[in-house]
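In what follows, a single structure is set out as structure tokens and then discussed.
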Amino acid sequence: MITVENLRYSYGDEPVLDGISLTLDDEWAVLTGANGSGKTTLIRQFNGLLEPDSGAVRVDGTPVEDDPVAARTAVGMVFQSPRSQFVAATVEADVAFGPENLGLDHAEIDRRVDEALAAVNLDGRGEERIEALSGGEQARLAIAGALAMEPDHLVLDEPFNGLDWPAQRSVLGHLDDLAAEGVGIAVVTHDLRDLRLRADRVIGLSDGRIAFDLPPEEATERLPETDVRVPDGW
Ligand code: ADP
């Protein structure tokens with residue numbers, strides 16, 4: 001469980017998060033809001049990439065700054081532009097990197113890499129060079145890298161950017177499987193297509209505050225105040 005309590009954060013003297021309180025459990029949450037509303041800044045606190053100026057972020061009850069490794073193990077992050085997230089040249093080496101850093105033994109690392117690649121339909125592709133993969137394959141690889149940590153939560157920042165429709169559907173299908181296994185999913189996105197039936201909650205951020213936190217059907221009329229387009233058929 002990720003618990004955020006009255007979180008405030010500024011870059012220099014520019015306040016960006018202005019008293020956020022939020023609990024994320026094993027549900028499917030969508031975090032939305034205009035560009036610059038603070039979504040990325042918020043999720044970067046979930047695993048200690050940024051630390052609060054005041055307030056607290058806890059993962060399973062422990063403040064993130066007290067045990068960042070535990071937070072990074074429990075909360076998998078998939079950032080925008082996966083290209084910048086890769087640390088190795090080949091598919092398998094990249095997915096193995098996280099588990100290797102946990103100090104797991106080789107058999108366990110191999111098992112996790114195999115399962116993570118299979119989960120995103122990249123099994124058998126471990127030797128391939130990442131730069132030769134398509135954008136959709138790279139997006140799925142970034143998810144595999146997070147999955148290999150076997151996180152309780154998976155947080156994805158604009159995972160559909162740059163993906164064509166089949167690739168987006170494929171990513172959504174994998175997220176469905178994970179959600180069914182009890183992994184909490186948090187998707188930061190402007191693109192709410194196909195999320196209405198999946199999301200348990202839609203959390204709207206506006207100027208560094210939570211404007212609303214509602215089930216999708218109740219969020220509809222609030223979306224315009226966060227400058228988010230209500231998709232056709234929503
Ligand atoms: P969102 O993800 O909702 O687009 P961000 O969290 O990326 O919002 O940004 C919130 C605000 O913080 C914006 O005004 C942005 O310009 C500013 N910001 C983001 N990252 C930095 C940074 N590294 N240094 C200074 N300002 C930043």
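Letters A, B, ... mark the chains of the structure tokens in the order given; residue numbers begin at 1 per chain; ligand numbers begin at 1, in order shown.
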Go through chain A and flag each residue having an atom no more than 9 Å from ligand 1; for those, report the closest pair of atoms plus their distance in Å to one decimal, using only C-alpha atoms and all ligand atoms, ordered by chain and rising number, as JSON lines.
{"residue": "A:Ser10", "atom": "CA", "partner": "ligand 1", "partner_atom_place_in_ligand_line": "12 (O)", "distance": 7.8}
{"residue": "A:Tyr11", "atom": "CA", "partner": "ligand 1", "partner_atom_place_in_ligand_line": "25 (C)", "distance": 4.9}
{"residue": "A:Gly12", "atom": "CA", "partner": "ligand 1", "partner_atom_place_in_ligand_line": "25 (C)", "distance": 7.2}
{"residue": "A:Glu14", "atom": "CA", "partner": "ligand 1", "partner_atom_place_in_ligand_line": "26 (N)", "distance": 7.4}
{"residue": "A:Pro15", "atom": "CA", "partner": "ligand 1", "partner_atom_place_in_ligand_line": "12 (O)", "distance": 7.9}
{"residue": "A:Val16", "atom": "CA", "partner": "ligand 1", "partner_atom_place_in_ligand_line": "11 (C)", "distance": 5.4}
{"residue": "A:Leu17", "atom": "CA", "partner": "ligand 1", "partner_atom_place_in_ligand_line": "10 (C)", "distance": 8.0}
{"residue": "A:Thr32", "atom": "CA", "partner": "ligand 1", "partner_atom_place_in_ligand_line": "3 (O)", "distance": 7.6}
{"residue": "A:Gly33", "atom": "CA", "partner": "ligand 1", "partner_atom_place_in_ligand_line": "3 (O)", "distance": 6.1}
{"residue": "A:Ala34", "atom": "CA", "partner": "ligand 1", "partner_atom_place_in_ligand_line": "3 (O)", "distance": 5.9}
{"residue": "A:Asn35", "atom": "CA", "partner": "ligand 1", "partner_atom_place_in_ligand_line": "4 (O)", "distance": 3.7}
{"residue": "A:Gly36", "atom": "CA", "partner": "ligand 1", "partner_atom_place_in_ligand_line": "8 (O)", "distance": 3.5}
{"residue": "A:Ser37", "atom": "CA", "partner": "ligand 1", "partner_atom_place_in_ligand_line": "3 (O)", "distance": 3.9}
{"residue": "A:Gly38", "atom": "CA", "partner": "ligand 1", "partner_atom_place_in_ligand_line": "6 (O)", "distance": 3.3}
{"residue": "A:Lys39", "atom": "CA", "partner": "ligand 1", "partner_atom_place_in_ligand_line": "3 (O)", "distance": 3.8}
{"residue": "A:Thr40", "atom": "CA", "partner": "ligand 1", "partner_atom_place_in_ligand_line": "2 (O)", "distance": 3.7}
{"residue": "A:Thr41", "atom": "CA", "partner": "ligand 1", "partner_atom_place_in_ligand_line": "6 (O)", "distance": 3.7}
{"residue": "A:Leu42", "atom": "CA", "partner": "ligand 1", "partner_atom_place_in_ligand_line": "6 (O)", "distance": 6.5}
{"residue": "A:Ile43", "atom": "CA", "partner": "ligand 1", "partner_atom_place_in_ligand_line": "6 (O)", "distance": 8.4}
{"residue": "A:Arg44", "atom": "CA", "partner": "ligand 1", "partner_atom_place_in_ligand_line": "6 (O)", "distance": 8.6}
{"residue": "A:Asp157", "atom": "CA", "partner": "ligand 1", "partner_atom_place_in_ligand_line": "2 (O)", "distance": 8.1}
{"residue": "A:Glu158", "atom": "CA", "partner": "ligand 1", "partner_atom_place_in_ligand_line": "2 (O)", "distance": 8.9}
{"residue": "A:Val188", "atom": "CA", "partner": "ligand 1", "partner_atom_place_in_ligand_line": "2 (O)", "distance": 8.0}
{"residue": "A:Thr189", "atom": "CA", "partner": "ligand 1", "partner_atom_place_in_ligand_line": "2 (O)", "distance": 8.9}
{"residue": "A:Leu205", "atom": "CA", "partner": "ligand 1", "partner_atom_place_in_ligand_line": "3 (O)", "distance": 7.5}
{"residue": "A:Ser206", "atom": "CA", "partner": "ligand 1", "partner_atom_place_in_ligand_line": "3 (O)", "distance": 8.3}
{"residue": "A:Asp207", "atom": "CA", "partner": "ligand 1", "partner_atom_place_in_ligand_line": "10 (C)", "distance": 8.2}
{"residue": "A:Gly208", "atom": "CA", "partner": "ligand 1", "partner_atom_place_in_ligand_line": "10 (C)", "distance": 7.6}
Which residues of stretch 109-225 of chain A come within 12 Å of stretch 97-104 of chain A, and for each one, what is the closest pair of atoms and their distance in Å to one decimal, counting only C-alpha atoms, sorted by chain and residue number, as a Markdown table?
| residue | atom | partner | partner_atom | distance |
| --- | --- | --- | --- | --- |
| A:Ile109 | CA | A:Pro99 | CA | 5.9 |
| A:Asp110 | CA | A:Pro99 | CA | 9.3 |
| A:Arg111 | CA | A:Pro99 | CA | 10.3 |
| A:Arg112 | CA | A:Pro99 | CA | 7.8 |
| A:Val113 | CA | A:Pro99 | CA | 8.5 |
| A:Ala116 | CA | A:Pro99 | CA | 11.3 |
| A:Ala142 | CA | A:Gly98 | CA | 11.6 |
| A:Ala144 | CA | A:Gly98 | CA | 10.6 |
| A:Gly145 | CA | A:Gly98 | CA | 7.2 |
| A:Ala146 | CA | A:Gly98 | CA | 8.0 |
| A:Leu147 | CA | A:Gly98 | CA | 9.6 |
| A:Ala148 | CA | A:Pro99 | CA | 6.6 |
| A:Met149 | CA | A:Pro99 | CA | 6.0 |
| A:Glu150 | CA | A:Pro99 | CA | 9.2 |
| A:Pro151 | CA | A:Pro99 | CA | 11.3 |
message: Need the shell around A:Thr3: protein/DNA/RNA residues with any atom at most 8 Å away, counting only C-alpha atoms. Skip same-chain ones fewer than 4 positions apart. Format as a list in words?
response: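 Those residues are Ser21, Leu22, Thr23, Leu24, Ala56, Val57, Arg58, Val59, Asp60 and Gly61 of chain A.
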- request: Please report, as a PyMOL selection string, each residue of stretch 6-212 of chain A to which DSSP assigns strand (DSSP E) when run on this structure's backbone.
  value: chain A and resi 6-11+14-24+28-33+54-59+62-63+75-78+153-157+184-188+201-206+209-212
Based on the selection just made, write C-alpha atoms of those residues as a compact mmCIF listing (two decimals), in the first residue's frame.
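Below you can see again.txt, which holds the result:
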# COMPACT_ATOMS: atom_id res chain seq x y z
CA ASN A 6 -0.15 16.05 3.14
CA LEU A 7 2.75 15.97 0.70
CA ARG A 8 4.29 19.26 -0.36
CA TYR A 9 7.07 19.61 -2.87
CA SER A 10 8.73 22.52 -4.69
CA TYR A 11 11.36 22.76 -7.38
CA GLU A 14 8.09 26.94 -7.31
CA PRO A 15 5.49 24.91 -5.36
CA VAL A 16 4.38 21.90 -7.42
CA LEU A 17 2.62 19.61 -4.95
CA ASP A 18 0.49 21.48 -2.50
CA GLY A 19 -0.79 19.14 0.21
CA ILE A 20 -1.54 15.80 -1.46
CA SER A 21 -3.12 13.00 0.58
CA LEU A 22 -3.81 9.70 -1.14
CA THR A 23 -3.83 5.96 -0.53
CA LEU A 24 -3.24 3.45 -3.31
CA TRP A 28 -6.55 0.13 -10.76
CA ALA A 29 -6.15 3.89 -10.44
CA VAL A 30 -5.86 6.46 -13.20
CA LEU A 31 -4.02 9.66 -12.37
CA THR A 32 -4.89 12.43 -14.76
CA GLY A 33 -4.64 16.19 -15.12
CA SER A 54 7.01 18.14 4.06
CA GLY A 55 4.42 15.47 4.66
CA ALA A 56 5.09 11.77 4.18
CA VAL A 57 5.08 9.00 1.60
CA ARG A 58 4.95 5.48 3.01
CA VAL A 59 5.06 2.11 1.31
CA THR A 62 7.50 2.51 6.08
CA PRO A 63 8.55 6.03 5.04
CA VAL A 75 6.65 -0.16 -6.42
CA GLY A 76 7.64 -0.80 -10.03
CA MET A 77 7.92 2.31 -12.19
CA VAL A 78 7.67 2.59 -15.93
CA HIS A 153 2.31 -1.88 -7.43
CA LEU A 154 3.07 -0.95 -10.99
CA VAL A 155 3.07 2.78 -11.76
CA LEU A 156 3.20 3.77 -15.41
CA ASP A 157 3.77 7.33 -16.64
CA GLY A 184 -2.06 -2.48 -7.95
CA ILE A 185 -1.96 -0.51 -11.19
CA ALA A 186 -1.58 3.26 -11.34
CA VAL A 187 -1.59 4.78 -14.81
CA VAL A 188 -0.68 8.42 -15.37
CA ARG A 201 -10.72 5.29 -9.48
CA VAL A 202 -9.92 8.35 -11.53
CA ILE A 203 -7.81 10.83 -9.59
CA GLY A 204 -7.68 14.31 -11.09
CA LEU A 205 -4.77 16.59 -10.26
CA SER A 206 -5.00 20.32 -10.72
CA ARG A 209 -3.80 19.39 -5.57
CA ILE A 210 -6.24 16.54 -5.87
CA ALA A 211 -9.30 18.02 -7.55
CA PHE A 212 -11.30 14.80 -7.38
Which of A:Asp94, A:Asp227, A:Glu5, A:Asp176 sits closest to A:Gly126 [using only C-alpha atoms]: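 Among the listed residues, A:Asp94 lies closest to A:Gly126.
With distances restricted to only C-alpha atoms, A:Val228 is the closest residue to A:Asp191 from A:Val91, A:Val228, A:Ile143, A:Ala219.
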- request: Would you mind telling me which residue in A:Gln45, A:Asn121, A:Gln168, A:Ser84 lies nearest to A:Glu65 when using only C-alpha atoms?
  value: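 Closest to A:Glu65 of all the choices is A:Gln45.
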- request: Using only C-alpha atoms, pick whichever of A:Arg83, A:His106, A:Arg125, A:Arg229 has the shortest atom-to-atom distance to A:His190.
  value: A:Arg229
message: Just to confirm, what's the straight-line distance from atom CA of A:Gly48 to atom CA of A:Leu141 in Å (one decimal)?
response: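 Going from atom CA of A:Gly48 over to atom CA of A:Leu141 covers 22.7 Å.
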- prompt: Do you know which residues are at most 6 Å from A:Ala74 counting only C-alpha atoms, after dropping those on the same chain fewer than 2 positions away, and could you put them as an MDAnalysis selection string?
  reply: chainID A and resid 71:72 151:152
message: I need the residue nearest A:Glu115 from this list: A:Asp232, A:Asp67, A:Glu92, A:Glu218. Use only C-alpha atoms for the distance.
response: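 Nearest candidate to A:Glu115 out of A:Asp232, A:Asp67, A:Glu92, A:Glu218: A:Glu92.
Proximity of A:Thr226, A:Phe46, A:Arg140, A:Gly135 to A:Ala118, computed with only C-alpha atoms, is greatest for A:Arg140.
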Name the residues of stretch 25-163 of chain A that fall into alpha helix (DSSP H) according to DSSP on the backbone, using the chain letters and numbers of this document, as a CSV table (one decimal) with N, CA and C atoms, in the first residue's frame.
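Saved to states10.csv:
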chain,number,residue,atom,x,y,z
A,39,LYS,N,1.7,15.5,-11.9
A,39,LYS,CA,1.5,14.0,-11.8
A,39,LYS,C,2.9,13.3,-11.7
A,40,THR,N,3.8,13.6,-12.6
A,40,THR,CA,5.1,12.9,-12.6
A,40,THR,C,5.8,13.2,-11.3
A,41,THR,N,5.8,14.5,-10.9
A,41,THR,CA,6.4,14.8,-9.6
A,41,THR,C,5.9,14.0,-8.5
A,42,LEU,N,4.6,13.7,-8.5
A,42,LEU,CA,4.0,12.9,-7.4
A,42,LEU,C,4.5,11.5,-7.5
A,43,ILE,N,4.4,10.9,-8.6
A,43,ILE,CA,4.8,9.4,-8.6
A,43,ILE,C,6.2,9.2,-8.4
A,68,PRO,N,14.5,3.0,0.9
A,68,PRO,CA,14.2,3.2,-0.5
A,68,PRO,C,14.3,1.9,-1.3
A,69,VAL,N,15.1,0.9,-0.9
A,69,VAL,CA,15.2,-0.3,-1.6
A,69,VAL,C,13.9,-1.1,-1.5
A,70,ALA,N,13.3,-1.1,-0.3
A,70,ALA,CA,12.0,-1.8,-0.1
A,70,ALA,C,11.0,-1.1,-0.9
A,71,ALA,N,11.0,0.2,-1.0
A,71,ALA,CA,10.0,1.0,-1.8
A,71,ALA,C,10.2,0.6,-3.3
A,72,ARG,N,11.5,0.6,-3.7
A,72,ARG,CA,11.7,0.3,-5.2
A,72,ARG,C,11.3,-1.2,-5.5
A,73,THR,N,11.4,-2.1,-4.5
A,73,THR,CA,11.0,-3.4,-4.7
A,73,THR,C,9.5,-3.6,-4.8
A,74,ALA,N,8.8,-2.8,-3.9
A,74,ALA,CA,7.4,-2.9,-3.9
A,74,ALA,C,6.7,-2.1,-5.0
A,91,VAL,N,17.9,-7.3,-24.5
A,91,VAL,CA,16.6,-7.4,-23.8
A,91,VAL,C,16.8,-8.1,-22.5
A,92,GLU,N,17.4,-9.3,-22.5
A,92,GLU,CA,17.6,-10.1,-21.3
A,92,GLU,C,18.4,-9.4,-20.3
A,93,ALA,N,19.5,-8.8,-20.7
A,93,ALA,CA,20.4,-8.1,-19.7
A,93,ALA,C,19.7,-7.0,-19.1
A,94,ASP,N,18.8,-6.3,-19.8
A,94,ASP,CA,18.1,-5.2,-19.2
A,94,ASP,C,17.1,-5.6,-18.2
A,95,VAL,N,16.4,-6.7,-18.5
A,95,VAL,CA,15.4,-7.2,-17.5
A,95,VAL,C,16.1,-7.8,-16.3
A,96,ALA,N,17.3,-8.4,-16.5
A,96,ALA,CA,18.0,-9.0,-15.4
A,96,ALA,C,18.6,-8.0,-14.4
A,97,PHE,N,18.8,-6.7,-14.9
A,97,PHE,CA,19.5,-5.7,-14.1
A,97,PHE,C,18.9,-5.5,-12.7
A,98,GLY,N,17.6,-5.3,-12.6
A,98,GLY,CA,16.9,-5.1,-11.3
A,98,GLY,C,17.1,-6.2,-10.4
A,99,PRO,N,16.7,-7.4,-10.8
A,99,PRO,CA,16.9,-8.6,-9.9
A,99,PRO,C,18.3,-8.8,-9.5
A,100,GLU,N,19.3,-8.5,-10.4
A,100,GLU,CA,20.7,-8.7,-10.0
A,100,GLU,C,21.0,-7.8,-8.9
A,101,ASN,N,20.5,-6.5,-9.0
A,101,ASN,CA,20.8,-5.6,-7.9
A,101,ASN,C,20.1,-5.9,-6.6
A,106,HIS,N,21.3,-16.9,-9.3
A,106,HIS,CA,21.2,-16.9,-10.8
A,106,HIS,C,19.9,-17.6,-11.2
A,107,ALA,N,19.5,-18.7,-10.5
A,107,ALA,CA,18.3,-19.4,-10.9
A,107,ALA,C,17.1,-18.6,-10.7
A,108,GLU,N,17.1,-17.8,-9.6
A,108,GLU,CA,15.9,-16.9,-9.4
A,108,GLU,C,15.9,-15.8,-10.4
A,109,ILE,N,17.1,-15.2,-10.7
A,109,ILE,CA,17.1,-14.2,-11.7
A,109,ILE,C,16.6,-14.7,-13.1
A,110,ASP,N,17.1,-15.9,-13.5
A,110,ASP,CA,16.6,-16.5,-14.7
A,110,ASP,C,15.1,-16.7,-14.7
A,111,ARG,N,14.6,-17.2,-13.6
A,111,ARG,CA,13.1,-17.4,-13.6
A,111,ARG,C,12.4,-16.1,-13.8
A,112,ARG,N,12.8,-15.1,-13.1
A,112,ARG,CA,12.1,-13.8,-13.1
A,112,ARG,C,12.2,-13.2,-14.5
A,113,VAL,N,13.4,-13.3,-15.1
A,113,VAL,CA,13.5,-12.8,-16.5
A,113,VAL,C,12.6,-13.5,-17.5
A,114,ASP,N,12.6,-14.8,-17.4
A,114,ASP,CA,11.8,-15.6,-18.3
A,114,ASP,C,10.3,-15.3,-18.1
A,115,GLU,N,9.9,-15.2,-16.8
A,115,GLU,CA,8.5,-14.9,-16.6
A,115,GLU,C,8.1,-13.5,-17.0
A,116,ALA,N,9.0,-12.6,-16.8
A,116,ALA,CA,8.6,-11.2,-17.1
A,116,ALA,C,8.6,-11.0,-18.6
A,117,LEU,N,9.5,-11.6,-19.3
A,117,LEU,CA,9.5,-11.5,-20.8
A,117,LEU,C,8.2,-12.3,-21.4
A,118,ALA,N,7.9,-13.4,-20.8
A,118,ALA,CA,6.7,-14.1,-21.3
A,118,ALA,C,5.4,-13.3,-21.0
A,119,ALA,N,5.4,-12.6,-19.9
A,119,ALA,CA,4.2,-11.8,-19.5
A,119,ALA,C,4.0,-10.7,-20.5
A,135,GLY,N,8.9,0.6,-31.2
A,135,GLY,CA,8.4,1.4,-30.1
A,135,GLY,C,7.5,0.6,-29.1
A,136,GLY,N,6.6,-0.1,-29.7
A,136,GLY,CA,5.7,-0.9,-28.9
A,136,GLY,C,6.4,-2.0,-28.1
A,137,GLU,N,7.4,-2.6,-28.8
A,137,GLU,CA,8.2,-3.7,-28.1
A,137,GLU,C,9.0,-3.1,-27.0
A,138,GLN,N,9.5,-1.9,-27.2
A,138,GLN,CA,10.3,-1.2,-26.1
A,138,GLN,C,9.4,-0.9,-25.0
A,139,ALA,N,8.2,-0.4,-25.3
A,139,ALA,CA,7.2,-0.1,-24.2
A,139,ALA,C,7.0,-1.4,-23.3
A,140,ARG,N,6.8,-2.5,-24.1
A,140,ARG,CA,6.5,-3.8,-23.3
A,140,ARG,C,7.8,-4.2,-22.5
A,141,LEU,N,9.0,-4.0,-23.1
A,141,LEU,CA,10.2,-4.3,-22.4
A,141,LEU,C,10.3,-3.5,-21.1
A,142,ALA,N,10.0,-2.3,-21.2
A,142,ALA,CA,10.1,-1.4,-20.0
A,142,ALA,C,9.2,-2.0,-18.9
A,143,ILE,N,8.0,-2.5,-19.3
A,143,ILE,CA,7.1,-3.1,-18.3
A,143,ILE,C,7.7,-4.4,-17.8
A,144,ALA,N,8.4,-5.2,-18.7
A,144,ALA,CA,9.0,-6.4,-18.2
A,144,ALA,C,10.1,-6.1,-17.2
A,145,GLY,N,10.8,-5.1,-17.4
A,145,GLY,CA,11.9,-4.7,-16.4
A,145,GLY,C,11.3,-4.4,-15.1
A,146,ALA,N,10.1,-3.8,-15.0
A,146,ALA,CA,9.5,-3.5,-13.7
A,146,ALA,C,8.9,-4.8,-13.2
A,147,LEU,N,8.3,-5.6,-14.0
A,147,LEU,CA,7.7,-6.9,-13.5
A,147,LEU,C,8.7,-7.8,-12.9
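The gap separating atom CA of A:Thr220 from atom CA of A:Asp25 is 22.4 Å, in Å to one decimal.
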- prompt: So how far away is atom CA of A:Asp53 from atom CA of A:Phe79, in Å?
  reply: 22.5 Å
